[in-house]
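The structure file model_17.tsv is reproduced below (TSV, C-alpha atoms).
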chain	number	residue	atom	x	y	z
G	1	MET	CA	63.17	-0.66	20.84
G	2	ASN	CA	60.98	2.36	20.23
G	3	ASP	CA	59.65	1.59	16.75
G	4	ILE	CA	56.97	4.31	16.89
G	5	ARG	CA	59.64	6.97	17.53
G	6	VAL	CA	61.78	5.64	14.69
G	7	LEU	CA	58.78	5.80	12.35
G	8	GLN	CA	58.27	9.42	13.38
G	9	LEU	CA	61.94	10.25	12.77
G	10	LEU	CA	62.24	8.66	9.32
G	11	PRO	CA	60.27	11.29	7.36
G	12	LEU	CA	62.13	14.09	9.18
G	13	ILE	CA	65.45	12.97	7.70
G	14	ALA	CA	64.52	13.95	4.15
G	15	GLU	CA	63.52	17.39	5.41
G	16	ALA	CA	66.69	17.96	7.47
G	17	GLY	CA	68.27	21.26	6.48
G	18	SER	CA	71.80	20.60	7.69
G	19	THR	CA	74.32	17.85	8.39
G	20	GLY	CA	74.04	18.67	12.10
G	21	GLU	CA	70.31	18.09	12.06
G	22	VAL	CA	70.54	14.84	10.11
G	23	ILE	CA	73.19	13.43	12.47
G	24	THR	CA	71.02	14.36	15.45
G	25	LEU	CA	68.06	12.52	13.90
G	26	PHE	CA	70.31	9.60	12.99
G	27	ARG	CA	71.58	9.36	16.56
G	28	GLU	CA	68.04	9.36	17.90
G	29	ALA	CA	67.00	6.67	15.40
G	30	VAL	CA	69.97	4.52	16.43
G	31	GLU	CA	68.82	4.71	20.04
G	32	GLY	CA	65.22	4.05	19.00
G	33	LEU	CA	66.33	0.87	17.24
G	34	GLY	CA	67.98	-0.33	20.42
G	35	ALA	CA	71.51	-0.05	19.06
G	36	ASP	CA	74.51	1.45	20.85
G	37	ALA	CA	76.15	2.89	17.76
G	38	GLY	CA	75.52	3.70	14.13
G	39	VAL	CA	77.52	4.60	11.05
G	40	PHE	CA	76.22	5.41	7.60
G	41	LEU	CA	78.53	5.38	4.59
G	42	SER	CA	77.76	6.46	1.07
G	43	CYS	CA	80.27	5.41	-1.55
G	44	LEU	CA	80.30	7.30	-4.83
G	45	ARG	CA	82.54	6.15	-7.66
G	46	ASP	CA	82.89	9.03	-10.13
G	47	ASP	CA	84.95	6.93	-12.49
G	48	ALA	CA	87.44	4.07	-12.34
G	49	THR	CA	89.92	6.12	-10.32
G	50	ARG	CA	87.91	8.52	-8.15
G	51	THR	CA	85.98	7.29	-5.13
G	52	SER	CA	84.32	9.46	-2.56
G	53	LEU	CA	83.09	8.10	0.77
G	54	ARG	CA	80.68	10.32	2.70
G	55	SER	CA	79.86	9.18	6.18
G	56	LEU	CA	77.74	10.08	9.18
G	57	TRP	CA	78.89	8.87	12.58
G	58	ALA	CA	76.63	8.32	15.58
G	59	CYS	CA	79.05	6.34	17.71
G	60	ASP	CA	82.22	6.46	19.76
G	61	PRO	CA	84.43	8.98	17.85
G	62	SER	CA	87.44	6.74	18.37
G	63	TRP	CA	85.96	4.29	15.84
G	64	ALA	CA	85.76	7.13	13.29
G	65	ALA	CA	89.39	8.04	14.01
G	66	ASP	CA	90.50	4.40	13.74
G	67	TYR	CA	88.53	3.96	10.48
G	68	ALA	CA	90.33	6.95	8.94
G	69	SER	CA	93.84	6.39	10.31
G	70	GLN	CA	93.90	2.65	9.54
G	71	ARG	CA	92.19	3.16	6.18
G	72	ARG	CA	89.56	0.62	7.16
G	73	PHE	CA	87.48	1.60	4.12
G	74	GLU	CA	89.92	-0.38	1.97
G	75	HIS	CA	88.83	-3.61	3.69
G	76	ASP	CA	85.36	-2.79	4.99
G	77	PRO	CA	83.32	-6.03	4.85
G	78	TRP	CA	80.06	-4.14	5.43
G	79	LEU	CA	80.66	-1.86	2.47
G	80	ARG	CA	81.71	-4.84	0.38
G	81	TYR	CA	78.53	-6.65	1.31
G	82	ALA	CA	76.41	-3.61	0.37
G	83	SER	CA	78.12	-3.54	-3.02
G	84	THR	CA	76.89	-7.02	-3.82
G	85	ASP	CA	73.64	-7.45	-1.90
G	86	ALA	CA	70.62	-5.37	-0.97
G	87	GLU	CA	69.28	-7.41	1.96
G	88	PRO	CA	69.97	-6.38	5.57
G	89	ILE	CA	72.14	-8.93	7.33
G	90	ARG	CA	73.54	-9.55	10.81
G	91	SER	CA	77.33	-9.39	11.00
G	92	SER	CA	77.31	-12.90	12.47
G	93	ASP	CA	75.93	-14.14	9.13
G	94	LEU	CA	78.48	-12.26	7.09
G	95	ALA	CA	81.64	-14.14	6.12
G	96	CYS	CA	84.90	-12.22	6.00
G	97	SER	CA	86.88	-12.66	2.80
G	98	SER	CA	90.37	-11.68	3.99
G	99	THR	CA	92.57	-11.30	7.06
G	100	GLU	CA	92.15	-7.53	6.77
G	101	GLU	CA	88.38	-7.94	7.02
G	102	HIS	CA	88.82	-10.07	10.13
G	103	ALA	CA	90.99	-7.29	11.56
G	104	PHE	CA	88.23	-4.81	10.70
G	105	ILE	CA	85.64	-6.87	12.61
G	106	ARG	CA	87.95	-7.15	15.63
G	107	ALA	CA	88.61	-3.40	15.62
G	108	ALA	CA	84.90	-2.58	15.24
G	109	ALA	CA	84.08	-4.86	18.18
G	110	LYS	CA	86.17	-2.60	20.41
G	111	HIS	CA	83.90	0.33	19.56
G	112	SER	CA	80.39	-0.99	20.31
G	113	PHE	CA	80.14	-3.07	17.14
G	114	THR	CA	80.55	-6.47	18.83
G	115	THR	CA	77.53	-7.37	16.79
G	116	ALA	CA	76.15	-5.37	13.89
G	117	LEU	CA	73.16	-5.13	11.64
G	118	VAL	CA	74.25	-4.16	8.15
G	119	ALA	CA	71.59	-2.55	5.97
G	120	PRO	CA	72.59	-1.75	2.37
G	121	ALA	CA	71.09	1.21	0.55
G	122	PRO	CA	71.27	0.50	-3.18
G	123	SER	CA	70.74	3.20	-5.81
G	124	HIS	CA	69.52	3.48	-9.40
G	125	VAL	CA	73.12	3.89	-10.61
G	126	GLY	CA	74.19	0.48	-9.33
G	127	LEU	CA	77.72	0.14	-7.98
G	128	SER	CA	78.51	3.77	-8.80
G	129	ARG	CA	76.66	4.84	-5.68
G	130	VAL	CA	76.18	2.46	-2.78
G	131	GLY	CA	75.17	3.22	0.79
G	132	VAL	CA	75.40	1.11	3.91
G	133	LEU	CA	74.04	1.56	7.41
G	134	CYS	CA	75.75	-0.30	10.24
G	135	LEU	CA	73.99	-0.48	13.56
G	136	GLY	CA	76.17	-1.78	16.33
G	137	SER	CA	75.86	-3.08	19.83
G	138	ALA	CA	78.23	-4.17	22.55
G	139	ASP	CA	75.66	-6.83	23.45
G	140	SER	CA	76.39	-9.78	21.16
G	141	GLY	CA	72.75	-10.93	21.18
G	142	ARG	CA	71.17	-7.52	20.55
G	143	PHE	CA	69.95	-8.31	17.05
G	144	ASP	CA	68.93	-11.90	17.78
G	145	GLY	CA	65.70	-11.18	19.64
G	146	GLU	CA	62.14	-11.65	18.51
G	147	ASN	CA	61.90	-8.03	17.37
G	148	TYR	CA	64.66	-8.56	14.80
G	149	PRO	CA	62.21	-8.58	11.84
G	150	GLN	CA	60.98	-5.11	12.85
G	151	VAL	CA	64.50	-3.76	13.43
G	152	ARG	CA	65.54	-5.13	10.04
G	153	VAL	CA	62.73	-3.34	8.21
G	154	LEU	CA	63.28	-0.06	10.06
G	155	ALA	CA	67.06	-0.24	9.53
G	156	ARG	CA	66.49	-0.66	5.80
G	157	ALA	CA	64.18	2.35	5.77
G	158	LEU	CA	66.70	4.39	7.78
G	159	ALA	CA	69.51	3.42	5.39
G	160	MET	CA	67.46	4.53	2.38
G	161	GLU	CA	66.48	7.85	3.97
G	162	LEU	CA	70.06	8.65	4.95
G	163	HIS	CA	71.30	7.70	1.51
G	164	HIS	CA	68.67	9.90	-0.11
G	165	TRP	CA	69.66	12.82	2.12
G	166	ILE	CA	73.36	12.47	1.30
G	167	ALA	CA	72.62	12.21	-2.44
G	168	LYS	CA	70.48	15.35	-2.24
G	169	SER	CA	73.14	17.26	-0.35
G	170	MET	CA	75.87	16.21	-2.80
G	171	ARG	CA	73.69	17.30	-5.72
G	172	LYS	CA	73.17	20.67	-4.04
G	173	GLU	CA	76.93	21.05	-3.50
G	174	LEU	CA	77.65	20.18	-7.11
G	175	LEU	CA	75.12	22.68	-8.41
G	176	GLN	CA	76.43	25.43	-6.12
G	177	GLY	CA	79.97	24.84	-7.26
G	178	VAL	CA	79.46	24.68	-11.00
G	179	HIS	CA	76.44	26.91	-11.72
G	180	LEU	CA	74.82	24.74	-14.36
G	181	THR	CA	72.40	26.65	-16.56
G	182	GLU	CA	69.22	25.38	-18.18
G	183	ALA	CA	71.10	25.42	-21.51
G	184	ASP	CA	73.74	23.14	-19.95
G	185	MET	CA	71.03	20.77	-18.77
G	186	GLN	CA	69.52	20.78	-22.25
G	187	LEU	CA	72.90	19.79	-23.71
G	188	LEU	CA	73.24	16.98	-21.20
G	189	ARG	CA	69.78	15.67	-22.04
G	190	HIS	CA	70.61	15.70	-25.76
G	191	GLU	CA	73.89	13.87	-25.14
G	192	ALA	CA	72.11	11.34	-22.94
G	193	ALA	CA	69.70	10.73	-25.82
G	194	GLY	CA	72.68	10.06	-28.10
G	195	HIS	CA	72.24	13.14	-30.31
G	196	SER	CA	75.19	14.42	-32.35
G	197	SER	CA	76.36	18.04	-32.30
G	198	LYS	CA	74.75	18.50	-35.71
G	199	VAL	CA	71.36	17.27	-34.48
G	200	ILE	CA	71.59	19.29	-31.24
G	201	GLY	CA	72.60	22.39	-33.23
G	202	ALA	CA	69.62	21.99	-35.54
G	203	THR	CA	67.27	21.76	-32.53
G	204	MET	CA	68.79	24.81	-30.85
G	205	ASN	CA	69.31	26.86	-34.02
G	206	LEU	CA	73.06	26.83	-33.50
G	207	GLU	CA	76.00	25.55	-35.49
G	208	ALA	CA	77.54	22.20	-34.59
G	209	LYS	CA	80.85	23.97	-33.78
G	210	THR	CA	79.05	26.18	-31.26
G	211	ILE	CA	77.58	23.08	-29.63
G	212	ASP	CA	81.07	21.55	-29.39
G	213	CYS	CA	82.37	24.74	-27.71
G	214	ARG	CA	79.47	24.70	-25.26
G	215	PHE	CA	80.18	21.08	-24.42
G	216	GLN	CA	83.83	21.95	-23.77
G	217	ARG	CA	82.76	24.60	-21.26
G	218	LEU	CA	80.23	22.23	-19.70
G	219	ASN	CA	82.80	19.43	-19.40
G	220	ALA	CA	85.20	21.83	-17.68
G	221	LYS	CA	82.49	22.85	-15.21
G	222	LEU	CA	81.85	19.23	-14.26
G	223	GLY	CA	85.50	18.23	-14.34
G	224	ALA	CA	84.70	15.68	-17.04
G	225	PRO	CA	87.20	14.73	-19.77
G	226	ASP	CA	84.47	14.39	-22.40
G	227	ARG	CA	80.73	14.81	-22.89
G	228	ARG	CA	79.98	11.16	-22.22
G	229	SER	CA	81.62	11.45	-18.82
G	230	ALA	CA	79.69	14.66	-18.20
G	231	VAL	CA	76.45	12.74	-18.70
G	232	ARG	CA	77.69	10.01	-16.39
G	233	ILE	CA	78.45	12.53	-13.65
G	234	ALA	CA	75.06	14.17	-14.16
G	235	ARG	CA	73.35	10.78	-13.79
G	236	LEU	CA	75.42	9.91	-10.76
G	237	TYR	CA	74.35	13.05	-8.96
G	238	GLY	CA	70.72	12.66	-10.02
G	239	LEU	CA	70.68	15.64	-12.37
G	240	LEU	CA	69.29	13.57	-15.23
N	1	MET	CA	88.54	25.35	7.79
N	2	LEU	CA	91.73	23.77	9.08
N	3	ALA	CA	94.03	21.98	6.66
N	4	THR	CA	97.33	20.16	6.78
N	5	GLY	CA	100.18	21.62	4.72
N	6	ASP	CA	99.73	19.09	1.93
N	7	GLY	CA	95.92	19.36	2.00
N	8	ALA	CA	95.57	15.64	2.71
N	9	VAL	CA	93.34	16.32	5.71
N	10	THR	CA	90.92	19.19	6.16
N	11	ILE	CA	88.68	19.71	9.16
N	12	LEU	CA	85.68	21.96	9.32
N	13	LEU	CA	84.20	22.87	12.69
N	14	ARG	CA	80.82	24.58	12.86
N	15	ALA	CA	78.78	25.51	15.90
N	16	THR	CA	75.14	24.59	15.32
N	17	ASN	CA	71.95	24.48	17.38
N	18	TYR	CA	72.53	20.73	17.75
N	19	GLY	CA	76.11	20.95	18.98
N	20	LEU	CA	79.51	21.24	17.35
N	21	LEU	CA	79.56	19.76	13.85
N	22	MET	CA	82.86	18.36	12.65
N	23	GLU	CA	83.51	17.40	9.05
N	24	ARG	CA	86.84	15.72	8.43
N	25	THR	CA	88.01	15.11	4.87
N	26	GLN	CA	90.92	12.79	4.17
N	27	ARG	CA	92.34	12.52	0.67
N	28	GLN	CA	94.35	9.50	-0.34
N	29	GLY	CA	96.81	9.63	-3.21
N	30	ALA	CA	94.88	7.24	-5.42
N	31	GLY	CA	91.77	9.40	-5.92
N	32	MET	CA	90.10	8.28	-2.72
N	33	ARG	CA	88.34	10.76	-0.46
N	34	LEU	CA	86.81	9.99	2.92
N	35	VAL	CA	84.48	12.56	4.46
N	36	GLN	CA	83.41	11.91	8.05
N	37	ALA	CA	80.76	14.01	9.76
N	38	MET	CA	79.92	13.83	13.43
N	39	MET	CA	78.38	15.95	16.15
N	40	PHE	CA	79.72	16.76	19.59
N	41	GLY	CA	77.11	17.68	22.15
N	42	ASP	CA	79.61	18.81	24.78
N	43	VAL	CA	83.28	19.61	25.35
N	44	LYS	CA	83.84	16.19	26.92
N	45	SER	CA	82.86	14.28	23.77
N	46	PHE	CA	84.88	16.71	21.62
N	47	ASP	CA	87.94	16.18	23.83
N	48	HIS	CA	87.42	12.43	23.58
N	49	TRP	CA	87.62	12.66	19.80
N	50	CYS	CA	90.65	14.99	19.97
N	51	ALA	CA	92.43	12.43	22.13
N	52	VAL	CA	92.26	9.88	19.30
N	53	GLU	CA	92.47	12.16	16.25
N	54	PRO	CA	95.56	11.10	14.22
N	55	LEU	CA	96.50	14.74	13.60
N	56	ARG	CA	97.76	15.02	17.17
N	57	PHE	CA	100.91	13.19	16.03
N	58	GLU	CA	100.98	14.25	12.40
N	59	ASP	CA	100.58	18.01	12.77
N	60	GLY	CA	100.86	19.25	16.35
N	61	LEU	CA	100.35	22.94	15.54
N	62	LEU	CA	97.22	22.30	13.54
N	63	PHE	CA	95.95	19.96	16.20
N	64	ASN	CA	96.36	22.62	18.91
N	65	LYS	CA	94.46	25.07	16.73
N	66	LEU	CA	91.72	22.50	16.27
N	67	VAL	CA	91.37	22.02	20.03
N	68	ARG	CA	91.34	25.78	20.63
N	69	GLU	CA	88.71	26.42	17.97
N	70	GLY	CA	86.53	23.61	19.26
N	71	HIS	CA	86.68	24.87	22.83
N	72	ALA	CA	86.04	28.43	21.66
N	73	ALA	CA	82.93	27.30	19.78
N	74	PHE	CA	81.56	25.62	22.92
N	75	ALA	CA	82.40	28.68	25.04
N	76	VAL	CA	80.45	30.97	22.70
N	77	HIS	CA	77.39	28.69	22.71
N	78	ARG	CA	77.40	28.06	26.47
Write out the structure in this file as structure tokens.
Amino acid sequence: MNDIRVLQLLPLIAEAGSTGEVITLFREAVEGLGADAGVFLSCLRDDATRTSLRSLWACDPSWAADYASQRRFEHDPWLRYASTDAEPIRSSDLACSSTEEHAFIRAAAKHSFTTALVAPAPSHVGLSRVGVLCLGSADSGRFDGENYPQVRVLARALAMELHHWIAKSMRKELLQGVHLTEADMQLLRHEAAGHSSKVIGATMNLEAKTIDCRFQRLNAKLGAPDRRSAVRIARLYGLL
Amino acid sequence: MLATGDGAVTILLRATNYGLLMERTQRQGAGMRLVQAMMFGDVKSFDHWCAVEPLRFEDGLLFNKLVREGHAAFAVHR
């Protein structure tokens, strides 16, 4: 393990200007941590029906293809663990809860994840946005050595940095796509504070009906059915 | 951007200073979206991925285009 190199790489992740650069840094960090493979997944639940999984792959591409084609994300025990716990854990200590999860573990083992270190990356929006880093190795004892405490700490830091980078890039994408104005942000802040259209109108010297119209336009921009959902989306993407 | 007829899978290839970036988006009917990003440092690793990419069975024409575009990107940056 090259812990000094990993420590040097960690701050570079936040500054990475492109997905290509962040994957390159990720790959180097995976090697620095003594792992053979790495995958980072960020799960964003917009509402009860929409889930978006963003992922960075620094491993055998056939695992990425298998994960997509077999819809492994539906029974991913590592992602499930990260949704309920924040502590890094070795896959050997993680109990599978279904036959599909056992199948997942068997499939992962064929792609350099014979053993894995799973490092969750929680967020301030709870289960709405969860990240998980999985470091894998074909060597079943790779994460059992005396340097495990160091690897564990560095893996947690790496997970948090990657999660932060993905959140930042998603926020940037959202803002590019919808062109939110400062007035829109002001409306969102008022709604978040629980102000009615009448109160917001009084603050902005506008009629309540005008505020309602502005909210309709804002909701459409964010693809939200109502202003409450618009605030939720804004919080989810770190705009508020 | 390459996309299947029904838009269920889209693949974006981009030549970068770090290699060939591939972003694959898969949309499931029930509001689920999986975005996978990976880098290929050389043609060999790209071909390895192509050999397992499910599109090779699902949409042969698109798959051939994907292979061609990937190889072209490496040829330009050689």
What are the nearest atom pairs, with distances in Å to one decimal, for all residues of chain G that come at most 7 Å from chain N, using all atoms listed in the file, set out by chain and rising residue number as CSV?
residue,atom,partner,partner_atom,distance
G:Gly20,CA,N:Leu21,CA,5.9
G:Glu21,CA,N:Tyr18,CA,6.7
G:Ile23,CA,N:Met38,CA,6.8
G:Thr24,CA,N:Tyr18,CA,6.9
G:Thr49,CA,N:Gly31,CA,5.8
G:Arg50,CA,N:Gly31,CA,4.5
G:Thr51,CA,N:Met32,CA,4.9
G:Ser52,CA,N:Arg33,CA,4.7
G:Leu53,CA,N:Leu34,CA,4.7
G:Arg54,CA,N:Val35,CA,4.7
G:Ser55,CA,N:Gln36,CA,4.9
G:Leu56,CA,N:Ala37,CA,5.0
G:Trp57,CA,N:Met38,CA,5.1
G:Ala58,CA,N:Met38,CA,6.8
G:Pro61,CA,N:Trp49,CA,5.2
G:Ser62,CA,N:Val52,CA,5.8
G:Ala65,CA,N:Glu53,CA,5.6
G:Ser69,CA,N:Pro54,CA,6.4
>> Would you pick out the contacts of Val153 of chain G at 12 Å or less, using only C-alpha atoms, so that residues sharing its chain but fewer than 3 positions from it are not included, and give the list as a ChimeraX atom specification?
In response: /G:3,6-7,33,87-89,117-120,147-150,156-160
>> Between atom CA of Pro11 of chain G and atom CA of Phe40 of chain G, what is the distance in Å, rounded to a tenth?
In response: 17.0 Å
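One finds atom CA of Leu13 of chain N at 10.6 Å from atom CA of His71 of chain N.
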>> Residues proximal to (79.7, -5.5, 18.2) were defined as those with any atom within 6 Å of that point in the file's coordinates, counting all atoms listed in the file. Which are they, as a PyMOL selection string?
In response: chain G and resi 109+112-116+136-138
>> For Leu175 of chain G, find every residue with an atom within 12 Å (counting all atoms listed in the file), except residues of its own chain fewer than 2 positions away, and show them as a PyMOL selection string.
In response: chain G and resi 168-173+177-182+184-185+221-222+233-234+237-239
>> Can you measure atom CA of Leu206 of chain G to atom CA of Gln176 of chain G for me? One decimal in Å is fine.
In response: 27.6 Å
Kindly provide, as JSON, the centre and edge lengths (Å, one decimal) of an axis-aligned box around all atoms of segment 143-150 of chain G given in the file, with 4 Å on each side.
{"center_x": 65.5, "center_y": -8.5, "center_z": 15.7, "size_x": 17.0, "size_y": 14.8, "size_z": 15.8}
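Closest approach to Ser229 of chain G among G:Asn205, G:Arg217, G:Glu191, G:Glu28: G:Glu191, based on all atoms listed in the file.
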> Could you name the residues that touch Arg228 of chain G at 12 Å or less, counting all atoms listed in the file, but leaving out those on the same chain fewer than 5 positions away, as a ChimeraX atom specification?
Replying inline: /G:47,187-196,215-216,218-219,222-223,233-235
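Between Thr10 of chain N and the residues N:Phe57, N:Ala75, N:Leu62, N:Val67, the shortest atom-to-atom distance, using all atoms listed in the file, involves N:Leu62.
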Would you mind completing segment 197-207 of chain G to all heavy atoms and writing the output as a PDB file, in the coordinates of the input?
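Generated output (selection_30.pdb):
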ATOM      1  N   SER G 197      76.311  16.574 -32.359  1.00  0.00           N
ATOM      2  CA  SER G 197      76.360  18.040 -32.300  1.00  0.00           C
ATOM      3  C   SER G 197      75.503  18.649 -33.406  1.00  0.00           C
ATOM      4  O   SER G 197      74.855  19.680 -33.212  1.00  0.00           O
ATOM      5  CB  SER G 197      77.803  18.530 -32.466  1.00  0.00           C
ATOM      6  OG  SER G 197      78.558  18.117 -31.370  1.00  0.00           O
ATOM      7  N   LYS G 198      75.509  17.994 -34.568  1.00  0.00           N
ATOM      8  CA  LYS G 198      74.750  18.500 -35.710  1.00  0.00           C
ATOM      9  C   LYS G 198      73.246  18.501 -35.385  1.00  0.00           C
ATOM     10  O   LYS G 198      72.539  19.484 -35.614  1.00  0.00           O
ATOM     11  CB  LYS G 198      75.036  17.598 -36.918  1.00  0.00           C
ATOM     12  CG  LYS G 198      74.734  18.226 -38.244  1.00  0.00           C
ATOM     13  CD  LYS G 198      75.217  17.295 -39.348  1.00  0.00           C
ATOM     14  CE  LYS G 198      74.607  17.721 -40.684  1.00  0.00           C
ATOM     15  NZ  LYS G 198      74.945  16.791 -41.750  1.00  0.00           N
ATOM     16  N   VAL G 199      72.800  17.395 -34.824  1.00  0.00           N
ATOM     17  CA  VAL G 199      71.360  17.270 -34.480  1.00  0.00           C
ATOM     18  C   VAL G 199      71.003  18.265 -33.376  1.00  0.00           C
ATOM     19  O   VAL G 199      69.975  18.956 -33.445  1.00  0.00           O
ATOM     20  CB  VAL G 199      71.046  15.818 -34.016  1.00  0.00           C
ATOM     21  CG1 VAL G 199      69.630  15.725 -33.459  1.00  0.00           C
ATOM     22  CG2 VAL G 199      71.243  14.848 -35.162  1.00  0.00           C
ATOM     23  N   ILE G 200      71.869  18.367 -32.358  1.00  0.00           N
ATOM     24  CA  ILE G 200      71.590  19.290 -31.240  1.00  0.00           C
ATOM     25  C   ILE G 200      71.547  20.722 -31.774  1.00  0.00           C
ATOM     26  O   ILE G 200      70.662  21.516 -31.436  1.00  0.00           O
ATOM     27  CB  ILE G 200      72.661  19.166 -30.125  1.00  0.00           C
ATOM     28  CG1 ILE G 200      72.732  17.735 -29.590  1.00  0.00           C
ATOM     29  CG2 ILE G 200      72.357  20.124 -28.977  1.00  0.00           C
ATOM     30  CD1 ILE G 200      73.906  17.460 -28.648  1.00  0.00           C
ATOM     31  N   GLY G 201      72.538  21.044 -32.651  1.00  0.00           N
ATOM     32  CA  GLY G 201      72.600  22.390 -33.230  1.00  0.00           C
ATOM     33  C   GLY G 201      71.322  22.721 -33.985  1.00  0.00           C
ATOM     34  O   GLY G 201      70.788  23.831 -33.863  1.00  0.00           O
ATOM     35  N   ALA G 202      70.836  21.763 -34.752  1.00  0.00           N
ATOM     36  CA  ALA G 202      69.620  21.990 -35.540  1.00  0.00           C
ATOM     37  C   ALA G 202      68.440  22.276 -34.607  1.00  0.00           C
ATOM     38  O   ALA G 202      67.605  23.144 -34.880  1.00  0.00           O
ATOM     39  CB  ALA G 202      69.331  20.767 -36.405  1.00  0.00           C
ATOM     40  N   THR G 203      68.376  21.564 -33.488  1.00  0.00           N
ATOM     41  CA  THR G 203      67.270  21.760 -32.530  1.00  0.00           C
ATOM     42  C   THR G 203      67.355  23.131 -31.866  1.00  0.00           C
ATOM     43  O   THR G 203      66.334  23.758 -31.581  1.00  0.00           O
ATOM     44  CB  THR G 203      67.341  20.680 -31.422  1.00  0.00           C
ATOM     45  OG1 THR G 203      67.674  19.453 -32.002  1.00  0.00           O
ATOM     46  CG2 THR G 203      66.038  20.566 -30.675  1.00  0.00           C
ATOM     47  N   MET G 204      68.618  23.559 -31.608  1.00  0.00           N
ATOM     48  CA  MET G 204      68.790  24.810 -30.850  1.00  0.00           C
ATOM     49  C   MET G 204      69.101  26.009 -31.748  1.00  0.00           C
ATOM     50  O   MET G 204      69.445  27.085 -31.242  1.00  0.00           O
ATOM     51  CB  MET G 204      69.915  24.620 -29.801  1.00  0.00           C
ATOM     52  CG  MET G 204      69.583  23.559 -28.754  1.00  0.00           C
ATOM     53  SD  MET G 204      70.988  23.130 -27.685  1.00  0.00           S
ATOM     54  CE  MET G 204      70.991  24.493 -26.536  1.00  0.00           C
ATOM     55  N   ASN G 205      68.992  25.807 -33.050  1.00  0.00           N
ATOM     56  CA  ASN G 205      69.310  26.860 -34.020  1.00  0.00           C
ATOM     57  C   ASN G 205      70.740  27.377 -33.863  1.00  0.00           C
ATOM     58  O   ASN G 205      70.985  28.581 -33.898  1.00  0.00           O
ATOM     59  CB  ASN G 205      68.317  28.041 -33.913  1.00  0.00           C
ATOM     60  CG  ASN G 205      66.942  27.661 -34.425  1.00  0.00           C
ATOM     61  OD1 ASN G 205      66.823  26.906 -35.405  1.00  0.00           O
ATOM     62  ND2 ASN G 205      65.906  28.143 -33.752  1.00  0.00           N
ATOM     63  N   LEU G 206      71.653  26.461 -33.663  1.00  0.00           N
ATOM     64  CA  LEU G 206      73.060  26.830 -33.500  1.00  0.00           C
ATOM     65  C   LEU G 206      73.908  25.924 -34.386  1.00  0.00           C
ATOM     66  O   LEU G 206      73.469  24.848 -34.797  1.00  0.00           O
ATOM     67  CB  LEU G 206      73.505  26.638 -32.048  1.00  0.00           C
ATOM     68  CG  LEU G 206      72.879  27.561 -31.004  1.00  0.00           C
ATOM     69  CD1 LEU G 206      73.159  27.030 -29.604  1.00  0.00           C
ATOM     70  CD2 LEU G 206      73.422  28.982 -31.140  1.00  0.00           C
ATOM     71  N   GLU G 207      75.116  26.379 -34.665  1.00  0.00           N
ATOM     72  CA  GLU G 207      76.000  25.550 -35.490  1.00  0.00           C
ATOM     73  C   GLU G 207      76.602  24.423 -34.642  1.00  0.00           C
ATOM     74  O   GLU G 207      76.749  24.578 -33.415  1.00  0.00           O
ATOM     75  CB  GLU G 207      77.138  26.399 -36.054  1.00  0.00           C
ATOM     76  CG  GLU G 207      76.688  27.304 -37.181  1.00  0.00           C
ATOM     77  CD  GLU G 207      77.874  27.960 -37.867  1.00  0.00           C
ATOM     78  OE1 GLU G 207      78.993  27.397 -37.782  1.00  0.00           O
ATOM     79  OE2 GLU G 207      77.666  29.017 -38.461  1.00  0.00           O
TER      80      GLU G 207
END
